[in-house]
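Asks: Encoded as structure tokens, here's the structure I'll be asking about.
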Amino acid sequence: MAKAEFVRLVEEAGLIFRGKVVRQGTTDARLMAAAEGKTATVEVEEVLLSTEALRGLSGREVILVSEHEGAKEEGSQVFFTSVVALGDHVVARELGRSKWSRQTSGEIAEAVKAAQERPLQARVAGAELVITGRVAASRRAEDPSIFRSEHDPEWWIARVEVLSVEKGGKVEGEIEVLFPNSTDIAWYKSPKLHEGAHGILLLHRAEGKEHPREKEKGRGREKEKDEERRHPIYEVSDPLDFLPMERLEDVRRLLGYERGER
């Protein structure tokens, strides 16, 4: 199977495993009828890609709904599937299969890694500035409004001490970073940059957002400073925009790909 085909199957599949067909069909008559007899019972030997709920499938049987015809094949195969039912049986629809070998295993592992890294690669590529930093302080970036929407992000602003710059221009000292502090379902996974937070920040320019306005006292009354700040303000909103320091080598490797390094 060509590498491009492996990549396509990995991106489509929700469950990939190495296993053996132990019988054509299934002992469950209802499943046989529903699938018009096009089923096989497969013993799972190793799970290669799955959700958390399916990691314990090794040693168990999966009912495979398949267009694959023919007698039971000898030896292990790799099955690319999508799960259609969880219950007394795990039922999966076959998307493709390949004879298992050490070479095949390595190619699949590379394809799985590439598929899993693609979202992070996109965030790294789209970031204007990538730094490691530590949050010195954070505060509300705007006053609460009675006109807040149901999924209002509740923007806060963090003052971040820059420890290193991995991508972007020269930055020293501290920068300001907007983040949605809301725990609403639309924002609860977004990074919360409160004091002490430390890690890798993939920063995107906060386009279309007003800079927070500061107030200062003067001549016995408050007056607002309307002067626009000279330095840009950034934001983080995607869960991948703030990563633990343990991911720094991954980020640097992806930055190397972006620069054409191998």
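We name chains A, B, ... following the order of the structure tokens; residues begin at 1 in each chain, and ligands are numbered from 1 as shown.
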Which residues, written as a PyMOL selection string, have at least one atom at most 12 Å from Ala4 in chain A, with only C-alpha atoms counted and residues fewer than 5 positions away on the same chain left out?

Replies: chain A and resi 9-11+107-108+110-111+114-115

Asks: Would you mind exporting C-alpha atoms of the selected residues as a PDB file, in the first residue's frame?

Replies:
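And here's selection-v6.pdb as it stands now:
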```
ATOM      1  CA  LEU A   9      -6.861   5.792   5.832  1.00  0.00           C
ATOM      2  CA  VAL A  10      -5.314   7.059   9.079  1.00  0.00           C
ATOM      3  CA  GLU A  11      -7.113  10.403   8.690  1.00  0.00           C
ATOM      4  CA  GLU A 107       4.753   3.326   7.999  1.00  0.00           C
ATOM      5  CA  ILE A 108       1.470   3.354   9.913  1.00  0.00           C
ATOM      6  CA  GLU A 110       4.583   7.630  10.875  1.00  0.00           C
ATOM      7  CA  ALA A 111       1.179   8.278   9.286  1.00  0.00           C
ATOM      8  CA  ALA A 114       1.683  13.007  11.065  1.00  0.00           C
ATOM      9  CA  ALA A 115      -2.133  12.994  11.338  1.00  0.00           C
TER      10      ALA A 115
END
```

Asks: Residues at most 10 Å from Phe79 in chain A, counting only C-alpha atoms, excluding those fewer than 3 positions away in the same chain, as a list in words?

Replies: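 Non-adjacent residues within range: Leu9, Ala13, Leu15, Ile16, Phe17, Arg18, Gly19, Lys20, Val42, Val44, Val47, Leu48, Leu64, Ser76, Ser82, Ala92, Arg93, Glu94, Leu95, Gly96, Arg97, Ser98, Lys99 and Trp100 of chain A.
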
Asks: Which residue, A:Leu120, A:Pro191, A:Ser50, A:Glu235, has the smallest gap to Arg205 in chain A when you use only C-alpha atoms?

Replies: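 Closest candidate: A:Glu235.
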
Asks: Based on DSSP run over this structure's backbone, return all residues of range 11-113 of chain A in strand (DSSP E or B), as a ChimeraX atom specification.

Replies: /A:15-24,39-49,61-65,77-85,90-99

Asks: What would the file look like if the residues just selected were written as a short mmCIF file (atom, residue, chain, number, x, y, z; two decimals), in the first residue's frame with N, CA and C atoms?

Replies:
```
data_model
loop_
_atom_site.label_atom_id
_atom_site.label_comp_id
_atom_site.auth_asym_id
_atom_site.auth_seq_id
_atom_site.Cartn_x
_atom_site.Cartn_y
_atom_site.Cartn_z
N LEU A 15 -10.47 3.95 14.56
CA LEU A 15 -9.90 2.80 15.26
C LEU A 15 -9.03 2.03 14.27
N ILE A 16 -7.74 1.92 14.60
CA ILE A 16 -6.81 1.13 13.79
C ILE A 16 -6.20 0.08 14.72
N PHE A 17 -6.21 -1.16 14.27
CA PHE A 17 -5.66 -2.21 15.12
C PHE A 17 -5.06 -3.34 14.28
N ARG A 18 -4.14 -4.06 14.92
CA ARG A 18 -3.60 -5.28 14.33
C ARG A 18 -4.38 -6.46 14.89
N GLY A 19 -4.79 -7.37 14.03
CA GLY A 19 -5.58 -8.49 14.51
C GLY A 19 -5.67 -9.62 13.51
N LYS A 20 -6.41 -10.68 13.89
CA LYS A 20 -6.61 -11.85 13.04
C LYS A 20 -8.10 -12.14 12.91
N VAL A 21 -8.52 -12.47 11.70
CA VAL A 21 -9.90 -12.90 11.49
C VAL A 21 -10.04 -14.31 12.05
N VAL A 22 -10.91 -14.48 13.03
CA VAL A 22 -11.08 -15.80 13.65
C VAL A 22 -12.26 -16.56 13.05
N ARG A 23 -13.19 -15.83 12.45
CA ARG A 23 -14.30 -16.49 11.75
C ARG A 23 -14.99 -15.49 10.83
N GLN A 24 -15.52 -16.00 9.73
CA GLN A 24 -16.37 -15.19 8.88
C GLN A 24 -17.75 -15.13 9.51
N THR A 39 -20.05 -9.72 7.52
CA THR A 39 -19.35 -9.47 8.77
C THR A 39 -18.24 -10.49 8.96
N ALA A 40 -17.30 -10.14 9.82
CA ALA A 40 -16.24 -11.06 10.24
C ALA A 40 -15.94 -10.77 11.69
N THR A 41 -15.50 -11.77 12.40
CA THR A 41 -15.10 -11.61 13.80
C THR A 41 -13.58 -11.57 13.85
N VAL A 42 -13.05 -10.49 14.41
CA VAL A 42 -11.61 -10.27 14.41
C VAL A 42 -11.11 -10.17 15.85
N GLU A 43 -10.06 -10.93 16.16
CA GLU A 43 -9.43 -10.81 17.48
C GLU A 43 -8.38 -9.71 17.43
N VAL A 44 -8.50 -8.77 18.35
CA VAL A 44 -7.58 -7.62 18.38
C VAL A 44 -6.29 -8.02 19.10
N GLU A 45 -5.17 -7.83 18.42
CA GLU A 45 -3.86 -8.14 19.02
C GLU A 45 -3.16 -6.89 19.55
N GLU A 46 -3.35 -5.78 18.87
CA GLU A 46 -2.70 -4.53 19.29
C GLU A 46 -3.49 -3.35 18.75
N VAL A 47 -3.79 -2.39 19.61
CA VAL A 47 -4.48 -1.17 19.20
C VAL A 47 -3.44 -0.14 18.78
N LEU A 48 -3.55 0.35 17.55
CA LEU A 48 -2.59 1.31 17.01
C LEU A 48 -3.09 2.75 17.07
N LEU A 49 -4.40 2.93 16.98
CA LEU A 49 -5.00 4.26 17.09
C LEU A 49 -6.44 4.09 17.55
N GLU A 61 -12.64 -9.31 20.95
CA GLU A 61 -13.08 -9.48 19.58
C GLU A 61 -13.89 -8.28 19.11
N VAL A 62 -13.73 -7.95 17.84
CA VAL A 62 -14.47 -6.87 17.20
C VAL A 62 -15.27 -7.47 16.06
N ILE A 63 -16.52 -7.07 15.95
CA ILE A 63 -17.34 -7.48 14.81
C ILE A 63 -17.10 -6.49 13.70
N LEU A 64 -16.56 -6.98 12.58
CA LEU A 64 -16.19 -6.13 11.47
C LEU A 64 -17.24 -6.21 10.37
N VAL A 65 -17.82 -5.06 10.03
CA VAL A 65 -18.73 -4.98 8.89
C VAL A 65 -17.86 -4.64 7.69
N GLN A 77 -3.21 -8.92 10.30
CA GLN A 77 -3.46 -7.83 9.37
C GLN A 77 -3.72 -6.56 10.16
N VAL A 78 -3.55 -5.44 9.49
CA VAL A 78 -3.88 -4.15 10.09
C VAL A 78 -5.23 -3.72 9.53
N PHE A 79 -6.16 -3.38 10.42
CA PHE A 79 -7.51 -3.00 10.02
C PHE A 79 -7.72 -1.51 10.31
N PHE A 80 -8.15 -0.79 9.30
CA PHE A 80 -8.50 0.62 9.43
C PHE A 80 -10.02 0.68 9.47
N THR A 81 -10.59 1.16 10.57
CA THR A 81 -12.03 1.08 10.76
C THR A 81 -12.61 2.35 11.37
N SER A 82 -13.94 2.45 11.29
CA SER A 82 -14.67 3.47 12.04
C SER A 82 -15.70 2.73 12.89
N VAL A 83 -15.77 3.06 14.16
CA VAL A 83 -16.67 2.38 15.08
C VAL A 83 -18.10 2.86 14.86
N VAL A 84 -19.02 1.90 14.74
CA VAL A 84 -20.43 2.24 14.52
C VAL A 84 -21.30 1.90 15.71
N ALA A 85 -20.81 1.04 16.63
CA ALA A 85 -21.62 0.68 17.80
C ALA A 85 -20.71 0.20 18.92
N VAL A 90 -18.21 -4.60 20.17
CA VAL A 90 -17.72 -3.43 19.43
C VAL A 90 -17.90 -3.74 17.96
N VAL A 91 -18.66 -2.92 17.28
CA VAL A 91 -18.93 -3.12 15.85
C VAL A 91 -18.24 -1.99 15.09
N ALA A 92 -17.43 -2.37 14.10
CA ALA A 92 -16.67 -1.38 13.34
C ALA A 92 -16.83 -1.65 11.85
N ARG A 93 -16.87 -0.57 11.09
CA ARG A 93 -16.95 -0.68 9.63
C ARG A 93 -15.54 -0.59 9.06
N GLU A 94 -15.20 -1.55 8.23
CA GLU A 94 -13.86 -1.58 7.65
C GLU A 94 -13.71 -0.53 6.55
N LEU A 95 -12.61 0.23 6.64
CA LEU A 95 -12.27 1.21 5.61
C LEU A 95 -11.15 0.70 4.71
N GLY A 96 -10.34 -0.20 5.25
CA GLY A 96 -9.22 -0.77 4.51
C GLY A 96 -8.45 -1.71 5.40
N ARG A 97 -7.56 -2.49 4.80
CA ARG A 97 -6.72 -3.40 5.58
C ARG A 97 -5.42 -3.64 4.83
N SER A 98 -4.42 -4.10 5.57
CA SER A 98 -3.12 -4.37 4.98
C SER A 98 -2.47 -5.51 5.74
N LYS A 99 -1.68 -6.32 5.04
CA LYS A 99 -0.91 -7.35 5.71
C LYS A 99 0.05 -6.70 6.69
#
```
